[in-house]
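Enquirer: Sharing structure_24.pdb, PDB, C-alpha atoms, pLDDT in the B column:
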```pdb
ATOM      1  CA  MET A   1     115.801 113.191 136.863  1.00 66.00           C
ATOM      2  CA  ASN A   2     113.704 116.337 136.732  1.00 84.00           C
ATOM      3  CA  GLN A   3     111.661 115.583 133.615  1.00 91.00           C
ATOM      4  CA  ASP A   4     109.772 118.887 133.731  1.00 92.00           C
ATOM      5  CA  LYS A   5     113.050 120.812 133.646  1.00 91.00           C
ATOM      6  CA  VAL A   6     114.270 118.763 130.664  1.00 92.00           C
ATOM      7  CA  ARG A   7     110.978 119.413 128.834  1.00 94.00           C
ATOM      8  CA  ALA A   8     111.245 123.152 129.546  1.00 94.00           C
ATOM      9  CA  LEU A   9     114.862 123.317 128.330  1.00 94.00           C
ATOM     10  CA  LEU A  10     113.964 121.389 125.190  1.00 95.00           C
ATOM     11  CA  GLN A  11     111.002 123.666 124.469  1.00 95.00           C
ATOM     12  CA  GLU A  12     113.208 126.718 125.019  1.00 95.00           C
ATOM     13  CA  ALA A  13     115.688 125.386 122.437  1.00 95.00           C
ATOM     14  CA  LEU A  14     112.922 124.558 119.942  1.00 96.00           C
ATOM     15  CA  ASP A  15     111.345 128.013 120.367  1.00 96.00           C
ATOM     16  CA  GLU A  16     114.568 129.593 119.066  1.00 95.00           C
ATOM     17  CA  ASN A  17     113.988 127.995 115.650  1.00 95.00           C
ATOM     18  CA  PRO A  18     110.280 127.773 114.679  1.00 94.00           C
ATOM     19  CA  SER A  19     111.037 125.435 111.759  1.00 95.00           C
ATOM     20  CA  LEU A  20     112.002 122.676 114.241  1.00 95.00           C
ATOM     21  CA  PHE A  21     109.523 120.440 116.035  1.00 96.00           C
ATOM     22  CA  LEU A  22     109.588 117.587 118.519  1.00 96.00           C
ATOM     23  CA  ILE A  23     108.950 114.042 117.354  1.00 95.00           C
ATOM     24  CA  ASP A  24     109.700 112.164 120.560  1.00 94.00           C
ATOM     25  CA  LEU A  25     111.138 112.632 124.046  1.00 95.00           C
ATOM     26  CA  LYS A  26     111.921 109.524 126.075  1.00 95.00           C
ATOM     27  CA  PHE A  27     113.246 109.080 129.575  1.00 94.00           C
ATOM     28  CA  LEU A  28     114.840 105.638 129.558  1.00 93.00           C
ATOM     29  CA  ALA A  29     116.452 103.454 132.194  1.00 90.00           C
ATOM     30  CA  ASN A  30     119.815 104.488 133.681  1.00 88.00           C
ATOM     31  CA  SER A  31     118.955 108.213 133.374  1.00 88.00           C
ATOM     32  CA  LYS A  32     119.144 108.207 129.588  1.00 93.00           C
ATOM     33  CA  ILE A  33     117.318 110.981 127.748  1.00 94.00           C
ATOM     34  CA  LYS A  34     116.516 110.501 124.061  1.00 96.00           C
ATOM     35  CA  VAL A  35     115.233 113.434 122.000  1.00 96.00           C
ATOM     36  CA  ILE A  36     114.153 113.179 118.362  1.00 96.00           C
ATOM     37  CA  VAL A  37     113.537 116.464 116.529  1.00 96.00           C
ATOM     38  CA  ASP A  38     112.660 117.206 112.930  1.00 95.00           C
ATOM     39  CA  GLY A  39     112.436 120.341 110.855  1.00 94.00           C
ATOM     40  CA  ASP A  40     110.244 121.600 108.050  1.00 92.00           C
ATOM     41  CA  SER A  41     113.301 121.473 105.786  1.00 88.00           C
ATOM     42  CA  GLY A  42     115.472 118.993 107.667  1.00 89.00           C
ATOM     43  CA  VAL A  43     117.631 119.449 110.763  1.00 93.00           C
ATOM     44  CA  PRO A  44     121.178 120.754 110.325  1.00 94.00           C
ATOM     45  CA  LEU A  45     123.840 119.258 112.581  1.00 95.00           C
ATOM     46  CA  ASN A  46     124.495 122.630 114.232  1.00 96.00           C
ATOM     47  CA  GLU A  47     120.850 122.692 115.404  1.00 96.00           C
ATOM     48  CA  ILE A  48     121.180 119.214 116.934  1.00 96.00           C
ATOM     49  CA  ILE A  49     124.307 120.422 118.755  1.00 96.00           C
ATOM     50  CA  ARG A  50     122.587 123.634 119.905  1.00 96.00           C
ATOM     51  CA  ILE A  51     119.592 121.748 121.326  1.00 96.00           C
ATOM     52  CA  SER A  52     121.844 119.214 123.029  1.00 95.00           C
ATOM     53  CA  ARG A  53     123.961 121.931 124.621  1.00 94.00           C
ATOM     54  CA  ASN A  54     120.930 123.899 125.773  1.00 94.00           C
ATOM     55  CA  ILE A  55     119.709 120.867 127.715  1.00 93.00           C
ATOM     56  CA  GLU A  56     123.055 119.527 128.888  1.00 92.00           C
ATOM     57  CA  HIS A  57     124.570 122.830 130.031  1.00 91.00           C
ATOM     58  CA  ASN A  58     121.521 123.682 132.123  1.00 90.00           C
ATOM     59  CA  LEU A  59     121.346 120.407 134.042  1.00 87.00           C
ATOM     60  CA  ASP A  60     123.606 119.697 136.993  1.00 82.00           C
ATOM     61  CA  ARG A  61     125.648 116.509 136.587  1.00 79.00           C
ATOM     62  CA  GLU A  62     126.621 116.766 140.250  1.00 79.00           C
ATOM     63  CA  GLU A  63     122.947 116.407 141.142  1.00 81.00           C
ATOM     64  CA  GLU A  64     122.289 113.463 138.814  1.00 79.00           C
ATOM     65  CA  ASP A  65     124.353 111.742 136.165  1.00 86.00           C
ATOM     66  CA  PHE A  66     122.593 111.292 132.816  1.00 90.00           C
ATOM     67  CA  SER A  67     123.250 110.580 129.180  1.00 92.00           C
ATOM     68  CA  LEU A  68     121.642 112.669 126.461  1.00 94.00           C
ATOM     69  CA  GLU A  69     121.033 111.743 122.830  1.00 95.00           C
ATOM     70  CA  VAL A  70     119.560 114.318 120.442  1.00 96.00           C
ATOM     71  CA  THR A  71     118.905 113.077 116.899  1.00 95.00           C
ATOM     72  CA  SER A  72     116.779 113.636 113.841  1.00 94.00           C
ATOM     73  CA  PRO A  73     114.432 110.846 112.725  1.00 92.00           C
ATOM     74  CA  ASP A  74     115.840 107.896 110.838  1.00 88.00           C
ATOM     75  CA  ILE A  75     114.560 107.722 107.255  1.00 84.00           C
ATOM     76  CA  SER A  76     113.331 104.177 107.924  1.00 86.00           C
ATOM     77  CA  GLU A  77     111.108 105.290 110.823  1.00 89.00           C
ATOM     78  CA  SER A  78     107.391 105.814 110.454  1.00 93.00           C
ATOM     79  CA  LEU A  79     106.000 109.350 110.305  1.00 95.00           C
ATOM     80  CA  LYS A  80     104.588 110.257 113.713  1.00 92.00           C
ATOM     81  CA  VAL A  81     103.343 113.843 113.690  1.00 92.00           C
ATOM     82  CA  LYS A  82     101.226 115.787 111.201  1.00 92.00           C
ATOM     83  CA  ARG A  83     104.001 118.250 110.465  1.00 94.00           C
ATOM     84  CA  GLN A  84     106.087 115.389 109.055  1.00 95.00           C
ATOM     85  CA  TYR A  85     103.342 114.702 106.512  1.00 95.00           C
ATOM     86  CA  ASN A  86     103.343 118.376 105.469  1.00 94.00           C
ATOM     87  CA  LYS A  87     107.113 118.187 105.051  1.00 92.00           C
ATOM     88  CA  ASN A  88     106.740 115.171 102.740  1.00 94.00           C
ATOM     89  CA  LEU A  89     104.079 116.516 100.366  1.00 95.00           C
ATOM     90  CA  ASN A  90     104.556 115.225  96.799  1.00 95.00           C
ATOM     91  CA  ARG A  91     106.690 112.308  97.968  1.00 95.00           C
ATOM     92  CA  THR A  92     105.763 108.638  97.727  1.00 96.00           C
ATOM     93  CA  LEU A  93     104.497 107.122 100.978  1.00 96.00           C
ATOM     94  CA  LYS A  94     103.785 103.557 101.988  1.00 96.00           C
ATOM     95  CA  VAL A  95     100.839 103.714 104.386  1.00 97.00           C
ATOM     96  CA  LYS A  96      99.483 100.839 106.439  1.00 96.00           C
ATOM     97  CA  THR A  97      96.111 100.806 108.168  1.00 94.00           C
ATOM     98  CA  ASN A  98      94.473  98.012 110.130  1.00 89.00           C
ATOM     99  CA  ASP A  99      92.781  96.705 106.970  1.00 91.00           C
ATOM    100  CA  ASN A 100      94.819  97.904 103.978  1.00 94.00           C
ATOM    101  CA  GLU A 101      98.137  99.010 102.597  1.00 95.00           C
ATOM    102  CA  PHE A 102      98.514 101.918 100.170  1.00 96.00           C
ATOM    103  CA  GLU A 103     101.462 103.251  98.238  1.00 96.00           C
ATOM    104  CA  GLY A 104     101.136 106.556  96.473  1.00 96.00           C
ATOM    105  CA  LYS A 105     102.108 110.183  96.158  1.00 97.00           C
ATOM    106  CA  LEU A 106     101.044 112.347  99.106  1.00 97.00           C
ATOM    107  CA  ILE A 107      99.102 115.173  97.456  1.00 97.00           C
ATOM    108  CA  GLU A 108      97.253 116.725 100.398  1.00 96.00           C
ATOM    109  CA  VAL A 109      97.355 116.869 104.185  1.00 96.00           C
ATOM    110  CA  LYS A 110      93.993 117.764 105.708  1.00 95.00           C
ATOM    111  CA  GLU A 111      93.049 118.455 109.322  1.00 93.00           C
ATOM    112  CA  ASP A 112      92.533 114.791 110.185  1.00 94.00           C
ATOM    113  CA  SER A 113      93.420 112.848 107.028  1.00 96.00           C
ATOM    114  CA  ILE A 114      95.885 112.529 104.164  1.00 97.00           C
ATOM    115  CA  VAL A 115      95.242 112.065 100.441  1.00 97.00           C
ATOM    116  CA  LEU A 116      97.314 109.701  98.302  1.00 97.00           C
ATOM    117  CA  THR A 117      97.211 109.231  94.542  1.00 97.00           C
ATOM    118  CA  TRP A 118      98.697 106.518  92.320  1.00 96.00           C
ATOM    119  CA  LYS A 119      98.256 104.904  88.928  1.00 94.00           C
ATOM    120  CA  ALA A 120      96.865 101.372  88.595  1.00 91.00           C
ATOM    121  CA  ARG A 121      96.119  98.998  85.722  1.00 91.00           C
ATOM    122  CA  GLU A 122      92.520  97.799  85.664  1.00 89.00           C
ATOM    123  CA  PRO A 123      90.378  95.845  83.227  1.00 89.00           C
ATOM    124  CA  LYS A 124      88.599  98.046  80.704  1.00 88.00           C
ATOM    125  CA  PRO A 125      84.890  98.508  81.473  1.00 86.00           C
ATOM    126  CA  ILE A 126      84.046  97.420  77.921  1.00 86.00           C
ATOM    127  CA  GLY A 127      86.129  95.066  75.836  1.00 84.00           C
ATOM    128  CA  LYS A 128      89.308  93.180  76.519  1.00 87.00           C
ATOM    129  CA  GLY A 129      92.557  94.404  77.966  1.00 88.00           C
ATOM    130  CA  LYS A 130      93.531  96.846  80.688  1.00 90.00           C
ATOM    131  CA  HIS A 131      93.893 100.572  80.949  1.00 88.00           C
ATOM    132  CA  THR A 132      95.687 102.854  83.404  1.00 91.00           C
ATOM    133  CA  VAL A 133      93.538 104.741  85.889  1.00 92.00           C
ATOM    134  CA  GLU A 134      94.383 107.353  88.496  1.00 95.00           C
ATOM    135  CA  LYS A 135      93.401 106.235  91.994  1.00 94.00           C
ATOM    136  CA  VAL A 136      92.844 108.646  94.892  1.00 95.00           C
ATOM    137  CA  GLU A 137      92.406 107.599  98.503  1.00 95.00           C
ATOM    138  CA  GLU A 138      91.708 109.771 101.528  1.00 96.00           C
ATOM    139  CA  ILE A 139      93.003 108.050 104.649  1.00 96.00           C
ATOM    140  CA  PRO A 140      91.968 109.214 108.134  1.00 95.00           C
ATOM    141  CA  MET A 141      94.994 109.857 110.366  1.00 94.00           C
ATOM    142  CA  ASP A 142      93.493 107.898 113.257  1.00 93.00           C
ATOM    143  CA  ILE A 143      93.516 104.599 111.322  1.00 95.00           C
ATOM    144  CA  ILE A 144      97.117 104.875 110.070  1.00 95.00           C
ATOM    145  CA  THR A 145      99.283 102.309 111.854  1.00 96.00           C
ATOM    146  CA  GLU A 146     102.444 103.114 109.901  1.00 96.00           C
ATOM    147  CA  ALA A 147     103.450 105.617 107.227  1.00 96.00           C
ATOM    148  CA  LYS A 148     106.915 105.664 105.706  1.00 96.00           C
ATOM    149  CA  VAL A 149     108.513 107.720 102.986  1.00 95.00           C
ATOM    150  CA  LYS A 150     109.532 105.445 100.147  1.00 93.00           C
ATOM    151  CA  ILE A 151     113.098 106.054  99.063  1.00 86.00           C
ATOM    152  CA  ILE A 152     113.376 106.066  95.276  1.00 81.00           C
ATOM    153  CA  PHE A 153     116.810 105.905  93.687  1.00 80.00           C
TER
END
```
Any chance you could put this one into structure tokens?

Expert:
Amino acid sequence: MNQDKVRALLQEALDENPSLFLIDLKFLANSKIKVIVDGDSGVPLNEIIRISRNIEHNLDREEEDFSLEVTSPDISESLKVKRQYNKNLNRTLKVKTNDNEFEGKLIEVKEDSIVLTWKAREPKPIGKGKHTVEKVEEIPMDIITEAKVKIIF
């Protein structure tokens, strides 16, 4: 399998629609190619088909047999690239790091970190009882082990 040719064909297809971006490209056993693409506002089915055809129609099955799967990311998968965070601004994320776990609204995506905010109940500084406080946490991208969009019904 000519992996460079597949990469070039994929990039050519992505260049036709700047709102699309690559999440993952895998060359698996038995000549299986798996492509996962996302878009700034989702990925319509016709774009998945267009990308698949651009790759498949430009590779020679006589030369090497292969299977090709082009998909968009599953909602249960972790966010992998920065552009996915931008796409999910103002949505609730569950973020795991090596030491902690955070769940909050994504309010900002910086160059190398994200900022989450959430409400928490804490003891009052003076007196009895609890009060609600707004928490803000800036999390460096390089310590995030998993970040998922929380689906709220």

Enquirer: Taking only residues of region 42-129 of chain A that have an atom at most 7 Å from an atom of region 30-38 of chain A, what is each one's shortest atom pair and its distance in Å to one decimal, using only C-alpha atoms, in chain and number order, as a tab-separated table?

Expert:
```
residue	atom	partner	partner_atom	distance
A:Gly42	CA	A:Asp38	CA	6.2
A:Val43	CA	A:Asp38	CA	5.9
A:Phe66	CA	A:Ser31	CA	4.8
A:Ser67	CA	A:Lys32	CA	4.8
A:Leu68	CA	A:Ile33	CA	4.8
A:Glu69	CA	A:Lys34	CA	4.8
A:Val70	CA	A:Val35	CA	4.7
A:Thr71	CA	A:Ile36	CA	5.0
A:Ser72	CA	A:Val37	CA	5.1
A:Pro73	CA	A:Ile36	CA	6.1
```

Enquirer: Once you have the residues from the selection above, write them out as a compact mmCIF listing (two decimals), in the coordinates of the input, restricted to C-alpha atoms.

Expert:
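This is the output file part_25.txt:
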```txt
# COMPACT_ATOMS: atom_id res chain seq x y z
CA GLY A 42 115.47 118.99 107.67
CA VAL A 43 117.63 119.45 110.76
CA PHE A 66 122.59 111.29 132.82
CA SER A 67 123.25 110.58 129.18
CA LEU A 68 121.64 112.67 126.46
CA GLU A 69 121.03 111.74 122.83
CA VAL A 70 119.56 114.32 120.44
CA THR A 71 118.90 113.08 116.90
CA SER A 72 116.78 113.64 113.84
CA PRO A 73 114.43 110.85 112.72
```

Enquirer: So what does the PyMOL selection byres ((chain A and resi 88) around 10) actually pick up in this one, as a PyMOL selection string?

Expert: chain A and resi 40-41+79+83-87+89-93+105-109+148-149

Enquirer: As an exercise, work out the distance from CA of Ser76 (chain A) to CA of Asn54 (chain A) in Å and give it to one decimal place.

Expert: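 Taking CA of Ser76 (chain A) as the start and CA of Asn54 (chain A) as the end point, the length is 27.7 Å.
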
Enquirer: Which residues fall under the PyMOL selection byres ((chain A and resi 59-63) around 12) in this file, as a list of chain:residue names?

Expert: A:Met1, A:Asn2, A:Gln3, A:Asp4, A:Lys5, A:Val6, A:Arg7, A:Ala8, A:Leu9, A:Leu10, A:Ser31, A:Ser52, A:Arg53, A:Asn54, A:Ile55, A:Glu56, A:His57, A:Asn58, A:Glu64, A:Asp65, A:Phe66, A:Ser67, A:Leu68

Enquirer: I need the residue nearest Gly104 (chain A) from this list: A:Gly127, A:Arg121, A:Thr132, A:Glu137. Use only C-alpha atoms for the distance.

Expert: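 Selected residue with least distance to Gly104 (chain A): A:Glu137.
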
Enquirer: Please write the residues picked by the PyMOL selection byres ((chain A and resi 20) around 6) on this file as a ChimeraX atom specification.

Expert: /A:17-19,21,38-39

Enquirer: To box region 135-142 of chain A, take all atoms listed in the file, fit an axis-aligned box, add 4 Å on each side, and give centre and edge lengths in Å to one decimal, as AutoDock Vina command-line options.

Expert:
```
--center_x 93.4 --center_y 108.0 --center_z 102.6 --size_x 11.3 --size_y 11.6 --size_z 29.3
```

Enquirer: Do a neighbour search on Lys119 (chain A) at 7 Å with all atoms listed in the file, toss out local chain neighbours closer than 2 positions, and write the hits as a ChimeraX atom specification.

Expert: /A:132-135

Enquirer: What is the distance, in Å and to one decimal place, between CA of His131 (chain A) and CA of Phe102 (chain A)?

Expert: 19.8 Å

Enquirer: Can you work out the spacing between CA of Thr145 (chain A) and CA of Asn98 (chain A) in Å, to one decimal?

Expert: 6.7 Å
